[in-house]
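Here's the structure, in structure tokens; my notes come after.
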Amino acid sequence: MLMKIAIVGEAWGEVEERTRNPFSGPVGHELTRMLGEAGIRRDECYLTNVFNLRPRPSNDIKNLCAPEKPSNTGGLPALSQGKYVRPEYLPEVRRLYNELSRVRPNITIAVGNTATWALLLSTGISKLRGVVTTATAKEVSGFKVLPTYHPSAVCREWSLRPVTVLDLKKARRESEYPEIRRPERLIYIEPSLSDLEWFYDTHLRNADEITFDIETAGDMVTCIGFAPNPGVAIVIPFHDPRVPSGSFWSTPSDEAQAWAFVRRILNLPCPKSGQNTIYDITFLWVKHGMYPVNYEDDTMLLHHALQPESEKGLGFLGSVYTNEASWKLMRTRGKETIKRDE
């Protein structure tokens with residue numbers, strides 16, 4: 001049996017235990033409604049759970065966990081802080097892997113923390129939702145997974161519903177092919193002054209529009225990026241912690257020329273846009289006396305007009321409107337590198 005979409009939930013509730021069907025009852029009805037709004041027919045999906053049983057009492061998944069780490073965890077991490085699934089329930093997870101291996105869906109929608117834990121060996125659904133990635137569990141390694149909120153969470157917190165529907169719409173698009181398709185980007189980093197001139201003549205001088213973004217630390221711009229289209233961009237660094245001076249540019253004269261280059265781009269007549277650009281514009285004006293000519297759009301405000309009830313950070317917008325990896329989960333934080341995608 002081959003189906004394009006599989007939906008993995010947590011465990012049986014009261015109605016599921018009685019009917020022995022996943023996503024039955026009110027929660028299942030809400031899932032069906034959200035799937036319909038996303039353009040997905042429920043009967044075209046393979047529905048299952050990590051645990052085909054009802055955690056007792058009170059449907060709390062922690063009731064399946066041991067009070068301390070057991071000797072046999074099945075290679076699975078903690079389901080929550082200090083909570084490891086007891087060995088007698090591990091065959092349920094293996095059963096899930098066998099089901100998915102038999103169905104071989106193009107996309108598996110992991111609804112909620114428990115399904116995300118079983119497939120990605122990670123939790124934190126609010127950070128992981130909306131980003132297409134590959135399963136980490138070796139038994140289903142390479143399977144395409146999209147985490148999102150569980151319909152029971154949606155029923156408890158209605159503000160999660162629009163986001164969940166957006167995630168399901170992405171899952172519908174992703175169901176057309178089994179592989180992850182990332183958009184191709186060409187980003188120039190650590191340029192020389194001659195590189196800046198080449199990029200300006202090749203990509204910026206006659207651009208129809210330019211997006212820009214700055215990164216700051218304290219009262220300093222650490223770098224600024226410019227993109228004339230979705231396929232190419234340049235990042236101009238100013239701070240470099242690897243050198244004693246702290247400046248990327250070898251001499252004050254070179255740094256002054258780099259800033260003059262930034263001013264030249266901002267003064268181009270084409271429309272400018274960015275994300276939360278009020279901050280960027282204010283910072284550049286106060287610290288460097290620069291202001292973008294023909295500033296036009298702010299993606300944060302445009303999104304707010306469409307979805308006033310949802311988050312507005314760039315990471316969230318990336319998860320909703322793009323097929324990029326979750327870049328904020330791949331960046332280095334101190335000595336620890338967090339990487340959750342290919």
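To be explicit about the labels: the chains of the structure tokens are called A, B, and onward in the order shown, and within each one the residues are counted from 1, while ligands get numbers from 1 in the order they are shown.
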Next on the checklist: as a PyMOL selection string, please: the residues near Val131 (chain A) (cut-off 9 Å, only C-alpha atoms, same-chain neighbours under 2 positions excluded).
Outcome noted: chain A and resi 128-129+133+145-148+167+318-320+322-326
Item to check | Near-Pro87 (chain A) list (12 Å; only C-alpha atoms; drop same-chain fewer than 6 positions) as a count of residues only | outcome: 14
Checklist entry - Taking into account only C-alpha atoms, which residue in the set A:Ser80, A:Ser101, A:Thr277, A:Thr282 is nearest to Asn113 (chain A)? => result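 Distance minimum relative to Asn113 (chain A) lands on A:Ser80.
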Checklist entry - For Glu296 (chain A), which residue among A:Ser152, A:Asn229, A:Thr116, A:Gln275 is the nearest when counting only C-alpha atoms? => result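 Of A:Ser152, A:Asn229, A:Thr116, A:Gln275, the one nearest Glu296 (chain A), counting only C-alpha atoms, is A:Gln275.
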Taking 3 positions as the minimum chain separation for residues in the same chain, which residues sit within 12 Å of Leu268 (chain A) when counting only C-alpha atoms? Answer as a PDB file with N, CA and C atoms, in the first residue's frame.
```
ATOM      1  N   TYR A 200      28.364  44.705  -7.737  1.00  0.00           N
ATOM      2  CA  TYR A 200      27.547  45.879  -8.026  1.00  0.00           C
ATOM      3  C   TYR A 200      27.257  45.989  -9.532  1.00  0.00           C
ATOM      4  N   LEU A 204      23.653  44.515  -9.090  1.00  0.00           N
ATOM      5  CA  LEU A 204      22.933  45.564  -8.361  1.00  0.00           C
ATOM      6  C   LEU A 204      22.625  46.806  -9.180  1.00  0.00           C
ATOM      7  N   ARG A 205      23.515  47.172 -10.076  1.00  0.00           N
ATOM      8  CA  ARG A 205      23.391  48.456 -10.770  1.00  0.00           C
ATOM      9  C   ARG A 205      22.018  48.617 -11.445  1.00  0.00           C
ATOM     10  N   ASN A 206      21.559  47.551 -12.098  1.00  0.00           N
ATOM     11  CA  ASN A 206      20.289  47.622 -12.827  1.00  0.00           C
ATOM     12  C   ASN A 206      19.203  46.748 -12.201  1.00  0.00           C
ATOM     13  N   ALA A 207      19.304  46.506 -10.895  1.00  0.00           N
ATOM     14  CA  ALA A 207      18.338  45.637 -10.206  1.00  0.00           C
ATOM     15  C   ALA A 207      16.954  46.277 -10.195  1.00  0.00           C
ATOM     16  N   ASP A 208      15.923  45.425 -10.326  1.00  0.00           N
ATOM     17  CA  ASP A 208      14.550  45.917 -10.252  1.00  0.00           C
ATOM     18  C   ASP A 208      14.158  46.245  -8.819  1.00  0.00           C
ATOM     19  N   GLU A 209      14.732  45.508  -7.876  1.00  0.00           N
ATOM     20  CA  GLU A 209      14.497  45.755  -6.461  1.00  0.00           C
ATOM     21  C   GLU A 209      15.651  45.148  -5.671  1.00  0.00           C
ATOM     22  N   ILE A 210      15.816  45.585  -4.435  1.00  0.00           N
ATOM     23  CA  ILE A 210      16.900  45.079  -3.586  1.00  0.00           C
ATOM     24  C   ILE A 210      16.352  44.878  -2.177  1.00  0.00           C
ATOM     25  N   THR A 211      16.614  43.706  -1.626  1.00  0.00           N
ATOM     26  CA  THR A 211      16.322  43.481  -0.211  1.00  0.00           C
ATOM     27  C   THR A 211      17.617  43.607   0.576  1.00  0.00           C
ATOM     28  N   PRO A 228      19.481  41.151  -4.925  1.00  0.00           N
ATOM     29  CA  PRO A 228      18.641  41.711  -5.992  1.00  0.00           C
ATOM     30  C   PRO A 228      17.550  40.756  -6.456  1.00  0.00           C
ATOM     31  N   PHE A 261      30.407  51.845  -0.197  1.00  0.00           N
ATOM     32  CA  PHE A 261      29.718  50.917  -1.089  1.00  0.00           C
ATOM     33  C   PHE A 261      28.296  50.671  -0.592  1.00  0.00           C
ATOM     34  N   VAL A 262      28.147  50.477   0.715  1.00  0.00           N
ATOM     35  CA  VAL A 262      26.819  50.281   1.299  1.00  0.00           C
ATOM     36  C   VAL A 262      25.933  51.496   1.012  1.00  0.00           C
ATOM     37  N   ARG A 263      26.481  52.685   1.225  1.00  0.00           N
ATOM     38  CA  ARG A 263      25.710  53.902   0.975  1.00  0.00           C
ATOM     39  C   ARG A 263      25.286  53.980  -0.502  1.00  0.00           C
ATOM     40  N   ARG A 264      26.177  53.597  -1.409  1.00  0.00           N
ATOM     41  CA  ARG A 264      25.863  53.652  -2.829  1.00  0.00           C
ATOM     42  C   ARG A 264      24.686  52.737  -3.162  1.00  0.00           C
ATOM     43  N   ILE A 265      24.662  51.567  -2.563  1.00  0.00           N
ATOM     44  CA  ILE A 265      23.558  50.638  -2.827  1.00  0.00           C
ATOM     45  C   ILE A 265      22.247  51.197  -2.276  1.00  0.00           C
ATOM     46  N   PRO A 271      13.259  50.035  -5.713  1.00  0.00           N
ATOM     47  CA  PRO A 271      12.610  49.804  -4.421  1.00  0.00           C
ATOM     48  C   PRO A 271      13.461  48.930  -3.506  1.00  0.00           C
ATOM     49  N   LYS A 272      13.361  49.185  -2.197  1.00  0.00           N
ATOM     50  CA  LYS A 272      14.089  48.417  -1.177  1.00  0.00           C
ATOM     51  C   LYS A 272      13.065  47.771  -0.233  1.00  0.00           C
ATOM     52  N   TYR A 291      20.253  56.182   4.841  1.00  0.00           N
ATOM     53  CA  TYR A 291      18.827  55.888   4.752  1.00  0.00           C
ATOM     54  C   TYR A 291      18.544  55.326   3.358  1.00  0.00           C
ATOM     55  N   PRO A 292      17.812  54.219   3.253  1.00  0.00           N
ATOM     56  CA  PRO A 292      17.558  53.622   1.934  1.00  0.00           C
ATOM     57  C   PRO A 292      16.592  54.464   1.100  1.00  0.00           C
ATOM     58  N   VAL A 293      17.004  54.787  -0.098  1.00  0.00           N
ATOM     59  CA  VAL A 293      16.143  55.510  -1.034  1.00  0.00           C
ATOM     60  C   VAL A 293      15.049  54.576  -1.542  1.00  0.00           C
ATOM     61  N   ASN A 294      13.819  55.071  -1.604  1.00  0.00           N
ATOM     62  CA  ASN A 294      12.693  54.308  -2.143  1.00  0.00           C
ATOM     63  C   ASN A 294      12.440  53.027  -1.348  1.00  0.00           C
ATOM     64  N   TYR A 295      12.510  53.163  -0.017  1.00  0.00           N
ATOM     65  CA  TYR A 295      12.141  52.030   0.837  1.00  0.00           C
ATOM     66  C   TYR A 295      10.654  51.757   0.667  1.00  0.00           C
TER      67      TYR A 295
END
```
Might you pull out every residue within 12 Å of Arg42 (chain A), with only C-alpha atoms counted and same-chain residues fewer than 2 positions away left off, and present them as an mmCIF file with N, CA and C atoms, in the first residue's frame?
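After the write, out-v2.cif holds the following:
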```cif
data_model
loop_
_atom_site.group_PDB
_atom_site.id
_atom_site.type_symbol
_atom_site.label_atom_id
_atom_site.label_comp_id
_atom_site.auth_asym_id
_atom_site.auth_seq_id
_atom_site.Cartn_x
_atom_site.Cartn_y
_atom_site.Cartn_z
ATOM 1 N N MET A 3 0.955 5.389 -0.259
ATOM 2 C CA MET A 3 0.172 6.614 -0.155
ATOM 3 C C MET A 3 1.137 7.780 -0.076
ATOM 4 N N LYS A 4 0.732 8.928 -0.636
ATOM 5 C CA LYS A 4 1.633 10.070 -0.687
ATOM 6 C C LYS A 4 1.839 10.718 0.676
ATOM 7 N N ILE A 5 0.799 10.685 1.532
ATOM 8 C CA ILE A 5 0.858 11.384 2.810
ATOM 9 C C ILE A 5 0.566 10.414 3.942
ATOM 10 N N ALA A 6 1.437 10.418 4.937
ATOM 11 C CA ALA A 6 1.176 9.711 6.186
ATOM 12 C C ALA A 6 1.090 10.744 7.297
ATOM 13 N N ILE A 7 0.172 10.531 8.239
ATOM 14 C CA ILE A 7 0.022 11.417 9.387
ATOM 15 C C ILE A 7 0.216 10.586 10.653
ATOM 16 N N PRO A 22 -7.134 5.639 14.470
ATOM 17 C CA PRO A 22 -6.473 6.884 14.876
ATOM 18 C C PRO A 22 -7.282 8.109 14.472
ATOM 19 N N PHE A 23 -7.156 9.155 15.268
ATOM 20 C CA PHE A 23 -7.792 10.443 14.986
ATOM 21 C C PHE A 23 -9.299 10.296 14.827
ATOM 22 N N SER A 24 -9.909 9.637 15.799
ATOM 23 C CA SER A 24 -11.363 9.547 15.864
ATOM 24 C C SER A 24 -11.869 10.608 16.836
ATOM 25 N N GLY A 28 -10.194 14.162 15.851
ATOM 26 C CA GLY A 28 -10.112 13.683 14.475
ATOM 27 C C GLY A 28 -10.978 14.496 13.534
ATOM 28 N N HIS A 29 -12.137 14.934 14.045
ATOM 29 C CA HIS A 29 -13.015 15.778 13.211
ATOM 30 C C HIS A 29 -12.324 17.097 12.881
ATOM 31 N N GLU A 30 -11.629 17.676 13.865
ATOM 32 C CA GLU A 30 -10.921 18.933 13.606
ATOM 33 C C GLU A 30 -9.766 18.719 12.642
ATOM 34 N N LEU A 31 -9.074 17.587 12.753
ATOM 35 C CA LEU A 31 -8.009 17.279 11.794
ATOM 36 C C LEU A 31 -8.586 17.213 10.387
ATOM 37 N N THR A 32 -9.723 16.550 10.225
ATOM 38 C CA THR A 32 -10.350 16.437 8.913
ATOM 39 C C THR A 32 -10.689 17.812 8.348
ATOM 40 N N ARG A 33 -11.187 18.705 9.204
ATOM 41 C CA ARG A 33 -11.517 20.067 8.761
ATOM 42 C C ARG A 33 -10.264 20.812 8.300
ATOM 43 N N MET A 34 -9.195 20.721 9.071
ATOM 44 C CA MET A 34 -7.968 21.432 8.706
ATOM 45 C C MET A 34 -7.370 20.853 7.430
ATOM 46 N N LEU A 35 -7.406 19.527 7.296
ATOM 47 C CA LEU A 35 -6.911 18.909 6.066
ATOM 48 C C LEU A 35 -7.703 19.417 4.864
ATOM 49 N N GLY A 36 -9.019 19.508 5.004
ATOM 50 C CA GLY A 36 -9.849 19.989 3.907
ATOM 51 C C GLY A 36 -9.501 21.413 3.516
ATOM 52 N N GLU A 37 -9.251 22.270 4.521
ATOM 53 C CA GLU A 37 -8.874 23.656 4.231
ATOM 54 C C GLU A 37 -7.515 23.736 3.541
ATOM 55 N N ALA A 38 -6.671 22.738 3.787
ATOM 56 C CA ALA A 38 -5.356 22.700 3.148
ATOM 57 C C ALA A 38 -5.383 22.015 1.793
ATOM 58 N N GLY A 39 -6.558 21.535 1.371
ATOM 59 C CA GLY A 39 -6.666 20.863 0.075
ATOM 60 C C GLY A 39 -6.274 19.404 0.100
ATOM 61 N N ILE A 40 -6.366 18.772 1.282
ATOM 62 C CA ILE A 40 -6.005 17.362 1.431
ATOM 63 C C ILE A 40 -7.238 16.567 1.828
ATOM 64 N N GLU A 44 -7.175 10.072 1.593
ATOM 65 C CA GLU A 44 -5.969 9.872 0.797
ATOM 66 C C GLU A 44 -4.717 9.796 1.672
ATOM 67 N N CYS A 45 -4.900 9.846 2.983
ATOM 68 C CA CYS A 45 -3.771 9.828 3.912
ATOM 69 C C CYS A 45 -3.720 8.517 4.685
ATOM 70 N N TYR A 46 -2.514 8.101 5.017
ATOM 71 C CA TYR A 46 -2.343 6.956 5.922
ATOM 72 C C TYR A 46 -2.227 7.514 7.330
ATOM 73 N N LEU A 47 -3.126 7.088 8.220
ATOM 74 C CA LEU A 47 -3.188 7.614 9.577
ATOM 75 C C LEU A 47 -2.711 6.566 10.572
ATOM 76 N N LEU A 168 -0.015 22.285 6.861
ATOM 77 C CA LEU A 168 -0.655 21.231 6.077
ATOM 78 C C LEU A 168 -0.661 21.575 4.595
ATOM 79 N N ARG A 172 0.925 19.343 1.603
ATOM 80 C CA ARG A 172 0.263 18.978 0.335
ATOM 81 C C ARG A 172 1.206 19.201 -0.843
#
```
Next on the checklist: as a PyMOL selection string, please: every residue in region 70-284 of chain A that a backbone DSSP assignment puts in helix (DSSP H, G or I).
Outcome noted: chain A and resi 87-103+113-120+125-128+138-140+151-156+158-174+193-204+252-266+277-284
Item to check | Secondary structure check, strand (DSSP E or B) residues of region 54-210 of chain A, as an NGL selection string | outcome: :A and (65-66 or 80 or 83-85 or 107-111 or 133-134 or 144-148 or 186-188 or 210)
Checklist entry - Which one of A:Leu2, A:Ala171, A:Glu179, A:Leu166 sits closest to Val103 (chain A) if you count only C-alpha atoms? => result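 Nearest to Val103 (chain A): A:Leu2.
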Item to check | Computed interatomic separation between CA of Glu190 (chain A) and CA of Gly274 (chain A) (Å) | outcome: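 Straight-line distance from CA of Glu190 (chain A) to CA of Gly274 (chain A) works out to 21.4 Å.
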Checklist entry - Just how far from CA of Phe143 (chain A) is CA of Arg102 (chain A), in Å to one decimal? => result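 It comes out at 12.0 Å.
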Checklist entry - What gap, in Å, lies between CA of Ile236 (chain A) and CA of Cys223 (chain A)? => result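 Computing the Euclidean distance for CA of Ile236 (chain A) and CA of Cys223 (chain A) yields 5.5 Å.
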Checklist entry - Which residue gives the smallest distance to Tyr89 (chain A) among A:Val232, A:Val50, A:Ala135, A:Leu266, with only C-alpha atoms counted? => result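 Nearest to Tyr89 (chain A): A:Val50.
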Checklist outcome for this item: Min atom-atom distance to Phe283 (chain A) from the set A:Pro252, A:Gly130, A:Gly218, A:Pro308, counting only C-alpha atoms, belongs to A:Gly218
